[in-house]
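Undergrad: My questions will all concern the structure given below.
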Amino acid sequence: RLAEHLHKRGEEPARIAHFLIRLLFSLFAEDIELLPKGLFSRLVDQGRRQPLAFTQQLRQLFGAMARGGFFGEHAIMHFNGGLFDSDNVLELDRDGLEILHGVAMLDWSNIEPSILGTLFERSLDPAKRAQLGAHYTSKDDILLIVEPVVMAPLRRRWAAVQAKARDLAQRRDETQHQGTRTLRINELNSLLGSFADEIAKWRVLDPACGSGNFLYVALKLLLDLGKEVNQFAAEVKAGQLFPQANPAQLFGIEINEYAHELAQATVWIGYIQWLHENGYGVPSEPILKPLDNIRHMDAILAYDAQGEPVEPAWPDADVVIGNPPFLGGNRIRQELGDDYVDTLFELYAGRVPAFSDLVCYWFERTRSLIESNIVKRAGLLATQG
């Protein structure tokens, strides 16, 4: 409703989207107390009576979040990360603030990040909604890909590591010789520490990441496995290991500017939420680091310095997952234009038949990376056709 209200006032869709993502993150940050408890909601409540004052205060708050500092008597952490890179705001009138007030009264601490794409499609103009909608996938369907592709090899390794660790722990406890005992302790710590590092180095790429749902779900499962390793280490008296999985091991490609920004917000909200719910505190400041590894670009067609068409370089990764956009062969020209399509057909001639569904280009790029031993595993959703 708020997006529609701003549309009717003539605001640009990209500015609306950026502003609404900022509002959502602020609501989330307030409810897990990254922002002072109740601060944002009080601003909204008071702003219903003085809209101009709200705009000024919100600009001051966003400015503090951009670099860290004070908002009145409140110390504000450094957020930035690109999402809060300035103090720009959109003005809200009384009607807009009434809508926002209703939203602010909800508890955002347990928002499910994988629904953010659906939630924010409505902040785009009608011409852009289909682009983002093509990327939305339910969490159940995401798990059908992420579990066997990303997690299965790690879980197999973990089962083997656990068996070896239990044996080392038993041999450690049974030995009376201090030197041998120290050797077993070091072996055990090294074994579990190495596997924790392996989880943190497992690089995941979604080359059509949309609003970041696949990346968020993958990160959550990697964090859960890291926590399991930590708990096991405590069980066998091997010391504590902090779950090291983090957003830096996630990579994405997205051509839609709005979805590209939303993907970063989705990943960060999911990560911070997991840390909060599992008692691991908050990230070091700045709370939001720029996710430069989620790239704003075309995944299947680029041009070199001489202007010649080339296949764009994808970030190096161990696994590729995702739900690339579907576009039936008879609609490709209508949606993408003759120049783009003719160039695409020429570039992939002999590999992807002309007028294949657009999704096939992602399959072929991924297949070639596996053949070249750059990517180990892949799982992509496709159409029935």
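Ordering of the structure tokens sets the chain letters (A, B, ...); residue numbers start at 1 within each chain; ligands are numbered from 1 in the order shown.
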Find the residues near A:Gln273: any atom within 8 Å, counting only C-alpha atoms, skip ones fewer than 4 places away on the same chain, and give them as a PDB file with C-alpha atoms, in the first residue's frame.
TA:
```
ATOM      1  CA  SER A 109      12.472  -9.607  14.318  1.00  0.00           C
ATOM      2  CA  ASN A 110      11.309 -12.957  12.906  1.00  0.00           C
ATOM      3  CA  ILE A 269      18.924  -9.736   7.339  1.00  0.00           C
ATOM      4  CA  GLU A 277      18.551 -16.169  17.334  1.00  0.00           C
TER       5      GLU A 277
END
```
Undergrad: From stretch 21-259 of chain A, collect each residue whose DSSP state is helix (DSSP H, G or I) and return the set as a VMD selection string.
TA: chain A and resid 21 to 31 39 to 47 51 to 67 94 to 104 113 to 121 126 to 133 139 to 174 178 to 201 213 to 235 247 to 249 257 to 259
Undergrad: Can you list, as a PDB file with C-alpha atoms, in the first residue's frame, every protein, DNA or RNA residue that comes within 7 Å of A:Ile253 when you count only C-alpha atoms, leaving out same-chain residues fewer than 5 positions away?
TA:
```pdb
ATOM      1  CA  ASP A 206      23.491 -18.101  -7.917  1.00  0.00           C
ATOM      2  CA  PRO A 207      23.932 -16.634 -11.430  1.00  0.00           C
ATOM      3  CA  ALA A 208      20.344 -15.335 -11.545  1.00  0.00           C
ATOM      4  CA  CYS A 209      19.951 -14.534  -7.872  1.00  0.00           C
ATOM      5  CA  ILE A 294      26.696 -10.017  -5.705  1.00  0.00           C
ATOM      6  CA  ARG A 295      27.237  -8.448  -9.113  1.00  0.00           C
ATOM      7  CA  HIS A 296      24.865  -6.235 -11.081  1.00  0.00           C
ATOM      8  CA  MET A 297      25.372  -7.539 -14.633  1.00  0.00           C
ATOM      9  CA  ALA A 299      24.934 -13.342 -16.805  1.00  0.00           C
TER      10      ALA A 299
END
```
Undergrad: Contacts between stretch 64-72 of chain A and stretch 16-58 of chain A, please, where a residue of stretch 16-58 of chain A counts if it comes within 12 Å (with only C-alpha atoms); show its shortest atom pair and distance in Å to one decimal, rows by chain and ascending number, as JSON lines.
TA:
```
{"residue": "A:Arg22", "atom": "CA", "partner": "A:Met65", "partner_atom": "CA", "distance": 10.6}
{"residue": "A:Phe25", "atom": "CA", "partner": "A:Met65", "partner_atom": "CA", "distance": 11.4}
{"residue": "A:Ser26", "atom": "CA", "partner": "A:Met65", "partner_atom": "CA", "distance": 9.7}
{"residue": "A:Ala29", "atom": "CA", "partner": "A:Met65", "partner_atom": "CA", "distance": 11.0}
{"residue": "A:Leu34", "atom": "CA", "partner": "A:Met65", "partner_atom": "CA", "distance": 10.7}
{"residue": "A:Leu35", "atom": "CA", "partner": "A:Met65", "partner_atom": "CA", "distance": 9.3}
{"residue": "A:Pro36", "atom": "CA", "partner": "A:Phe71", "partner_atom": "CA", "distance": 10.1}
{"residue": "A:Leu39", "atom": "CA", "partner": "A:Phe71", "partner_atom": "CA", "distance": 9.8}
{"residue": "A:Phe40", "atom": "CA", "partner": "A:Phe71", "partner_atom": "CA", "distance": 11.1}
{"residue": "A:Leu43", "atom": "CA", "partner": "A:Phe71", "partner_atom": "CA", "distance": 11.6}
{"residue": "A:Gln56", "atom": "CA", "partner": "A:Phe71", "partner_atom": "CA", "distance": 11.8}
{"residue": "A:Gln57", "atom": "CA", "partner": "A:Phe71", "partner_atom": "CA", "distance": 8.7}
{"residue": "A:Leu58", "atom": "CA", "partner": "A:Ala64", "partner_atom": "CA", "distance": 9.8}
```
Undergrad: My list of candidates is A:Asp357, A:Asp338, A:Asp107, A:Asp197. Which is closest to A:Asn246 when distances are computed with only C-alpha atoms?
TA: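 Checking each of A:Asp357, A:Asp338, A:Asp107, A:Asp197 against A:Asn246, counting only C-alpha atoms, the winner is A:Asp197.
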Undergrad: Skipping near chain neighbours, those fewer than 5 positions away, what residues fall within 8 Å of A:Val204 using only C-alpha atoms, listed as a ChimeraX atom specification?
TA: /A:150,215,218,249-251,317-321
Undergrad: Can you pull out every residue within 12 Å of A:Arg155, counting only C-alpha atoms, but drop anything in the same chain fewer than 6 positions away, and send it as a ChimeraX atom specification?
TA: /A:147-149,161-162,195,198-199,221-222,224-226,228-229
Undergrad: Save the residues we just selected, N, CA, C and O atoms, as a PDB file, in the first residue's frame?
TA:
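Output file result-v1.pdb is given in full below:
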```
ATOM      1  N   GLU A 147      19.712 -28.561  -0.586  1.00  0.00           N
ATOM      2  CA  GLU A 147      20.097 -29.724   0.223  1.00  0.00           C
ATOM      3  C   GLU A 147      20.997 -30.699  -0.544  1.00  0.00           C
ATOM      4  O   GLU A 147      22.096 -31.018  -0.089  1.00  0.00           O
ATOM      5  N   PRO A 148      20.575 -31.200  -1.708  1.00  0.00           N
ATOM      6  CA  PRO A 148      21.436 -32.178  -2.385  1.00  0.00           C
ATOM      7  C   PRO A 148      22.682 -31.572  -3.028  1.00  0.00           C
ATOM      8  O   PRO A 148      23.704 -32.244  -3.139  1.00  0.00           O
ATOM      9  N   VAL A 149      22.617 -30.306  -3.453  1.00  0.00           N
ATOM     10  CA  VAL A 149      23.731 -29.728  -4.205  1.00  0.00           C
ATOM     11  C   VAL A 149      24.773 -29.103  -3.281  1.00  0.00           C
ATOM     12  O   VAL A 149      25.966 -29.395  -3.374  1.00  0.00           O
ATOM     13  N   VAL A 161      34.119 -37.135   9.377  1.00  0.00           N
ATOM     14  CA  VAL A 161      34.895 -36.374  10.360  1.00  0.00           C
ATOM     15  C   VAL A 161      34.453 -36.730  11.779  1.00  0.00           C
ATOM     16  O   VAL A 161      35.282 -36.909  12.680  1.00  0.00           O
ATOM     17  N   GLN A 162      33.143 -36.822  11.984  1.00  0.00           N
ATOM     18  CA  GLN A 162      32.633 -37.172  13.311  1.00  0.00           C
ATOM     19  C   GLN A 162      33.158 -38.533  13.773  1.00  0.00           C
ATOM     20  O   GLN A 162      33.576 -38.690  14.929  1.00  0.00           O
ATOM     21  N   PHE A 195      37.536 -28.837   9.301  1.00  0.00           N
ATOM     22  CA  PHE A 195      36.206 -28.993   8.705  1.00  0.00           C
ATOM     23  C   PHE A 195      35.396 -27.707   8.850  1.00  0.00           C
ATOM     24  O   PHE A 195      34.662 -27.329   7.927  1.00  0.00           O
ATOM     25  N   GLU A 198      36.448 -25.617   6.147  1.00  0.00           N
ATOM     26  CA  GLU A 198      35.912 -26.116   4.878  1.00  0.00           C
ATOM     27  C   GLU A 198      34.500 -25.575   4.634  1.00  0.00           C
ATOM     28  O   GLU A 198      34.165 -25.178   3.514  1.00  0.00           O
ATOM     29  N   ILE A 199      33.686 -25.546   5.677  1.00  0.00           N
ATOM     30  CA  ILE A 199      32.336 -24.979   5.557  1.00  0.00           C
ATOM     31  C   ILE A 199      32.418 -23.511   5.149  1.00  0.00           C
ATOM     32  O   ILE A 199      31.681 -23.040   4.282  1.00  0.00           O
ATOM     33  N   LEU A 221      21.739 -22.808   6.087  1.00  0.00           N
ATOM     34  CA  LEU A 221      22.083 -24.216   6.275  1.00  0.00           C
ATOM     35  C   LEU A 221      23.568 -24.394   6.581  1.00  0.00           C
ATOM     36  O   LEU A 221      23.947 -25.260   7.385  1.00  0.00           O
ATOM     37  N   LEU A 222      24.420 -23.585   5.961  1.00  0.00           N
ATOM     38  CA  LEU A 222      25.849 -23.639   6.261  1.00  0.00           C
ATOM     39  C   LEU A 222      26.114 -23.208   7.704  1.00  0.00           C
ATOM     40  O   LEU A 222      26.934 -23.811   8.408  1.00  0.00           O
ATOM     41  N   ASP A 224      23.945 -23.443  10.180  1.00  0.00           N
ATOM     42  CA  ASP A 224      23.422 -24.508  11.040  1.00  0.00           C
ATOM     43  C   ASP A 224      24.430 -25.652  11.168  1.00  0.00           C
ATOM     44  O   ASP A 224      24.628 -26.200  12.259  1.00  0.00           O
ATOM     45  N   LEU A 225      25.066 -26.002  10.052  1.00  0.00           N
ATOM     46  CA  LEU A 225      26.057 -27.078  10.103  1.00  0.00           C
ATOM     47  C   LEU A 225      27.268 -26.648  10.929  1.00  0.00           C
ATOM     48  O   LEU A 225      27.813 -27.432  11.716  1.00  0.00           O
ATOM     49  N   GLY A 226      27.688 -25.392  10.785  1.00  0.00           N
ATOM     50  CA  GLY A 226      28.787 -24.890  11.598  1.00  0.00           C
ATOM     51  C   GLY A 226      28.473 -24.933  13.077  1.00  0.00           C
ATOM     52  O   GLY A 226      29.332 -25.271  13.907  1.00  0.00           O
ATOM     53  N   GLU A 228      26.437 -27.052  14.452  1.00  0.00           N
ATOM     54  CA  GLU A 228      26.467 -28.474  14.820  1.00  0.00           C
ATOM     55  C   GLU A 228      27.905 -28.922  15.101  1.00  0.00           C
ATOM     56  O   GLU A 228      28.159 -29.680  16.048  1.00  0.00           O
ATOM     57  N   VAL A 229      28.851 -28.438  14.288  1.00  0.00           N
ATOM     58  CA  VAL A 229      30.260 -28.766  14.506  1.00  0.00           C
ATOM     59  C   VAL A 229      30.720 -28.208  15.850  1.00  0.00           C
ATOM     60  O   VAL A 229      31.430 -28.866  16.615  1.00  0.00           O
TER      61      VAL A 229
END
```
Undergrad: Counting only C-alpha atoms, which residue out of A:Glu346, A:Glu235, A:Glu91, A:Glu12 sits closest to A:Ala169?
TA: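 Once distances to A:Ala169 are computed over only C-alpha atoms, the minimum belongs to A:Glu235.
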Undergrad: Quick one: residues within 10 Å of A:Leu262, only C-alpha atoms, excluding same-chain residues fewer than 2 positions away - as a list of chain:residue names?
TA: A:Ala17, A:His18, A:Ile21, A:Leu83, A:Leu116, A:Gly117, A:Phe120, A:Gly210, A:Ser211, A:Gly212, A:Asn213, A:Asn256, A:Glu257, A:Tyr258, A:Ala259, A:His260, A:Gln264, A:Ala265, A:Thr266, A:Val267, A:Trp268
Undergrad: Restricting the calculation to only C-alpha atoms, which member of A:Ser138, A:Thr55, A:Ser368, A:Ser284 is positioned closest to A:Tyr348?
TA: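 Ranked by minimum distance to A:Tyr348, first place goes to A:Ser368.
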Undergrad: Would you pick out the contacts of stretch 322-325 of chain A at 9 Å or less, using only C-alpha atoms, so that residues sharing its chain but fewer than 6 positions from it are not included, and give the list as a CSV table (one decimal) with all heavy atoms, in the first residue's frame?
TA:
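Saved the output as out_6.csv:
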```
chain,number,residue,atom,x,y,z
A,131,GLN,N,9.9,-9.2,-14.2
A,131,GLN,CA,11.3,-9.5,-14.1
A,131,GLN,C,11.7,-10.1,-12.8
A,131,GLN,O,12.4,-11.1,-12.7
A,131,GLN,CB,12.2,-8.3,-14.4
A,131,GLN,CG,12.0,-7.7,-15.8
A,131,GLN,CD,12.9,-6.5,-15.9
A,131,GLN,OE1,13.9,-6.3,-15.3
A,131,GLN,NE2,12.5,-5.6,-16.8
A,134,ALA,N,9.8,-13.6,-12.0
A,134,ALA,CA,10.4,-14.7,-12.6
A,134,ALA,C,11.4,-15.4,-11.7
A,134,ALA,O,11.8,-16.5,-11.9
A,134,ALA,CB,11.0,-14.4,-13.9
A,135,HIS,N,11.9,-14.6,-10.7
A,135,HIS,CA,13.0,-15.2,-9.9
A,135,HIS,C,12.4,-15.7,-8.6
A,135,HIS,O,13.2,-16.4,-7.8
A,135,HIS,CB,14.0,-14.0,-9.5
A,135,HIS,CG,14.7,-13.5,-10.6
A,135,HIS,ND1,14.3,-12.5,-11.5
A,135,HIS,CD2,16.0,-13.8,-11.1
A,135,HIS,CE1,15.2,-12.2,-12.4
A,135,HIS,NE2,16.2,-13.0,-12.2
A,136,TYR,N,11.2,-15.5,-8.2
A,136,TYR,CA,10.7,-15.9,-6.9
A,136,TYR,C,10.5,-17.4,-6.9
A,136,TYR,O,9.9,-18.0,-7.8
A,136,TYR,CB,9.4,-15.2,-6.6
A,136,TYR,CG,8.9,-15.8,-5.2
A,136,TYR,CD1,9.5,-15.5,-4.1
A,136,TYR,CD2,7.8,-16.7,-5.2
A,136,TYR,CE1,9.1,-16.0,-2.9
A,136,TYR,CE2,7.4,-17.2,-4.0
A,136,TYR,CZ,8.1,-16.9,-2.8
A,136,TYR,OH,7.7,-17.4,-1.7
A,137,THR,N,10.9,-18.1,-5.9
A,137,THR,CA,10.8,-19.5,-5.7
A,137,THR,C,10.5,-19.8,-4.2
A,137,THR,O,11.0,-19.1,-3.4
A,137,THR,CB,12.1,-20.2,-6.0
A,137,THR,OG1,12.7,-19.7,-7.2
A,137,THR,CG2,11.9,-21.7,-6.3
A,142,ILE,N,13.4,-24.3,-3.1
A,142,ILE,CA,14.8,-23.9,-2.9
A,142,ILE,C,15.5,-25.0,-2.2
A,142,ILE,O,16.6,-25.4,-2.6
A,142,ILE,CB,14.9,-22.6,-2.1
A,142,ILE,CG1,14.4,-21.4,-2.9
A,142,ILE,CG2,16.4,-22.3,-1.7
A,142,ILE,CD1,14.3,-20.1,-2.1
A,145,ILE,N,16.8,-28.0,-4.1
A,145,ILE,CA,18.1,-27.7,-4.8
A,145,ILE,C,19.2,-27.7,-3.8
A,145,ILE,O,20.3,-28.3,-3.9
A,145,ILE,CB,18.0,-26.4,-5.6
A,145,ILE,CG1,17.0,-26.6,-6.7
A,145,ILE,CG2,19.4,-26.1,-6.2
A,145,ILE,CD1,17.4,-27.5,-7.9
A,146,VAL,N,19.1,-26.8,-2.8
A,146,VAL,CA,20.2,-26.5,-1.8
A,146,VAL,C,20.6,-27.8,-1.1
A,146,VAL,O,21.9,-28.0,-0.9
A,146,VAL,CB,19.8,-25.4,-0.9
A,146,VAL,CG1,20.9,-25.1,0.1
A,146,VAL,CG2,19.6,-24.1,-1.7
A,205,LEU,N,27.4,-19.9,-5.7
A,205,LEU,CA,27.0,-18.9,-6.7
A,205,LEU,C,25.6,-19.2,-7.2
A,205,LEU,O,25.2,-20.3,-7.6
A,205,LEU,CB,28.0,-19.0,-7.9
A,205,LEU,CG,27.5,-18.2,-9.2
A,205,LEU,CD1,27.5,-16.7,-8.9
A,205,LEU,CD2,28.5,-18.6,-10.4
A,206,ASP,N,24.8,-18.1,-7.2
A,206,ASP,CA,23.5,-18.1,-7.9
A,206,ASP,C,23.6,-17.1,-9.1
A,206,ASP,O,23.6,-15.9,-8.8
A,206,ASP,CB,22.4,-17.7,-7.0
A,206,ASP,CG,21.0,-17.8,-7.6
A,206,ASP,OD1,20.9,-17.8,-8.9
A,206,ASP,OD2,20.0,-17.7,-6.9
A,207,PRO,N,23.7,-17.5,-10.3
A,207,PRO,CA,23.9,-16.6,-11.4
A,207,PRO,C,22.7,-15.9,-11.9
A,207,PRO,O,22.7,-15.3,-13.0
A,207,PRO,CB,24.5,-17.6,-12.5
A,207,PRO,CG,23.9,-18.9,-12.2
A,207,PRO,CD,23.7,-19.0,-10.7
A,208,ALA,N,21.6,-16.1,-11.3
A,208,ALA,CA,20.3,-15.3,-11.5
A,208,ALA,C,19.6,-15.2,-10.2
A,208,ALA,O,18.5,-15.6,-10.0
A,208,ALA,CB,19.5,-16.1,-12.5
A,209,CYS,N,20.3,-14.4,-9.3
A,209,CYS,CA,20.0,-14.5,-7.9
A,209,CYS,C,18.7,-13.8,-7.5
A,209,CYS,O,18.2,-14.0,-6.4
A,209,CYS,CB,21.1,-14.1,-7.0
A,209,CYS,SG,21.5,-12.3,-7.1
A,210,GLY,N,18.1,-13.0,-8.4
A,210,GLY,CA,16.9,-12.3,-8.0
A,210,GLY,C,17.0,-11.6,-6.7
A,210,GLY,O,17.9,-10.9,-6.4
A,213,ASN,N,17.0,-15.3,-2.5
A,213,ASN,CA,16.4,-16.4,-1.7
A,213,ASN,C,17.3,-17.6,-1.6
A,213,ASN,O,17.5,-18.2,-0.5
A,213,ASN,CB,15.0,-16.8,-2.3
A,213,ASN,CG,14.0,-15.7,-2.1
A,213,ASN,OD1,14.3,-14.7,-1.5
A,213,ASN,ND2,12.8,-15.9,-2.7
A,214,PHE,N,17.8,-18.1,-2.8
A,214,PHE,CA,18.7,-19.3,-2.8
A,214,PHE,C,19.9,-19.0,-1.9
A,214,PHE,O,20.3,-19.9,-1.1
A,214,PHE,CB,19.1,-19.6,-4.2
A,214,PHE,CG,18.1,-20.4,-4.9
A,214,PHE,CD1,17.0,-19.8,-5.6
A,214,PHE,CD2,18.2,-21.8,-5.0
A,214,PHE,CE1,16.1,-20.5,-6.3
A,214,PHE,CE2,17.2,-22.6,-5.7
A,214,PHE,CZ,16.2,-21.9,-6.4
A,215,LEU,N,20.5,-17.9,-2.0
A,215,LEU,CA,21.7,-17.6,-1.3
A,215,LEU,C,21.4,-17.5,0.2
A,215,LEU,O,22.2,-18.0,1.0
A,215,LEU,CB,22.3,-16.2,-1.7
A,215,LEU,CG,22.8,-16.2,-3.2
A,215,LEU,CD1,23.3,-14.8,-3.6
A,215,LEU,CD2,23.9,-17.3,-3.4
A,358,LEU,N,15.0,-19.3,-22.7
A,358,LEU,CA,16.1,-18.5,-22.2
A,358,LEU,C,16.9,-19.2,-21.1
A,358,LEU,O,18.1,-19.1,-20.9
A,358,LEU,CB,15.6,-17.2,-21.7
A,358,LEU,CG,16.7,-16.1,-21.3
A,358,LEU,CD1,17.5,-15.7,-22.5
A,358,LEU,CD2,16.0,-14.9,-20.6
A,359,VAL,N,16.2,-20.0,-20.2
A,359,VAL,CA,16.8,-20.7,-19.1
A,359,VAL,C,18.0,-21.6,-19.6
A,359,VAL,O,18.9,-21.9,-18.8
A,359,VAL,CB,15.8,-21.5,-18.3
A,359,VAL,CG1,15.4,-22.8,-19.1
A,359,VAL,CG2,16.3,-21.9,-16.9
A,360,CYS,N,17.9,-22.1,-20.8
A,360,CYS,CA,18.9,-23.0,-21.3
A,360,CYS,C,20.3,-22.4,-21.3
A,360,CYS,O,21.3,-23.2,-21.2
A,360,CYS,CB,18.6,-23.5,-22.7
A,360,CYS,SG,17.0,-24.5,-22.7
A,362,TRP,N,21.7,-20.6,-19.1
A,362,TRP,CA,22.3,-20.7,-17.8
A,362,TRP,C,22.8,-22.2,-17.6
A,362,TRP,O,23.8,-22.5,-17.0
A,362,TRP,CB,21.3,-20.4,-16.7
A,362,TRP,CG,21.3,-18.9,-16.4
A,362,TRP,CD1,22.0,-18.3,-15.3
A,362,TRP,CD2,20.6,-17.9,-17.1
A,362,TRP,NE1,21.7,-16.9,-15.4
A,362,TRP,CE2,20.9,-16.6,-16.4
A,362,TRP,CE3,19.8,-17.8,-18.2
A,362,TRP,CZ2,20.4,-15.4,-16.8
A,362,TRP,CZ3,19.3,-16.6,-18.6
A,362,TRP,CH2,19.6,-15.4,-18.0
A,363,PHE,N,22.0,-23.1,-18.1
A,363,PHE,CA,22.4,-24.5,-18.0
A,363,PHE,C,23.7,-24.8,-18.8
A,363,PHE,O,24.5,-25.5,-18.3
A,363,PHE,CB,21.2,-25.4,-18.6
A,363,PHE,CG,20.2,-25.8,-17.5
A,363,PHE,CD1,19.2,-24.8,-17.2
A,363,PHE,CD2,20.2,-27.0,-16.9
A,363,PHE,CE1,18.3,-25.1,-16.2
A,363,PHE,CE2,19.2,-27.3,-15.9
A,363,PHE,CZ,18.3,-26.4,-15.6
A,378,ALA,N,26.1,-28.6,-9.4
A,378,ALA,CA,25.2,-27.6,-9.8
A,378,ALA,C,23.8,-28.1,-9.7
A,378,ALA,O,23.5,-29.3,-9.8
A,378,ALA,CB,25.4,-27.2,-11.3
A,379,GLY,N,22.8,-27.2,-9.4
A,379,GLY,CA,21.4,-27.6,-9.4
A,379,GLY,C,20.6,-26.3,-9.8
A,379,GLY,O,20.7,-25.3,-9.1
A,380,LEU,N,20.0,-26.4,-10.9
A,380,LEU,CA,19.2,-25.3,-11.4
A,380,LEU,C,17.7,-25.8,-11.7
A,380,LEU,O,17.5,-26.9,-12.2
A,380,LEU,CB,19.8,-24.7,-12.7
A,380,LEU,CG,21.2,-24.2,-12.6
A,380,LEU,CD1,21.7,-23.8,-14.0
A,380,LEU,CD2,21.2,-22.9,-11.7
A,381,LEU,N,16.8,-24.9,-11.4
A,381,LEU,CA,15.4,-25.2,-11.7
A,381,LEU,C,15.1,-24.9,-13.2
A,381,LEU,O,15.7,-24.0,-13.7
A,381,LEU,CB,14.4,-24.4,-10.9
A,381,LEU,CG,14.4,-24.8,-9.4
A,381,LEU,CD1,13.5,-23.8,-8.6
A,381,LEU,CD2,14.0,-26.2,-9.2
A,382,ALA,N,14.2,-25.7,-13.8
A,382,ALA,CA,13.9,-25.4,-15.2
A,382,ALA,C,12.4,-25.5,-15.4
A,382,ALA,O,11.7,-25.9,-14.5
A,382,ALA,CB,14.6,-26.5,-16.1
```
Undergrad: Atom CA of A:Phe28 to atom CA of A:Trp108: how many Å, to one decimal?
TA: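 Those two atoms sit 4.9 Å apart.
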Undergrad: Kindly indicate which residue among A:Val44, A:Leu223, A:Leu327, A:Leu20 lies nearest to A:Gly102, using only C-alpha atoms for the distances.
TA: A:Val44
Undergrad: Write out as a list of chain:residue names all residues of stretch 202-274 of chain A that backbone DSSP assigns to strand (DSSP E).
TA: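 In stretch 202-274 of chain A, DSSP puts these residues in strand (DSSP E): A:Val204, A:Leu205, A:Asp206, A:Leu250, A:Phe251, A:Gly252, A:Ile253, A:Glu254.
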Undergrad: Nearest to A:Val352: which of A:Gly337, A:Gly329, A:Gly47, A:Gly279 is it, counting only C-alpha atoms?
TA: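 Residue with the minimum atom-to-atom distance to A:Val352: A:Gly329.
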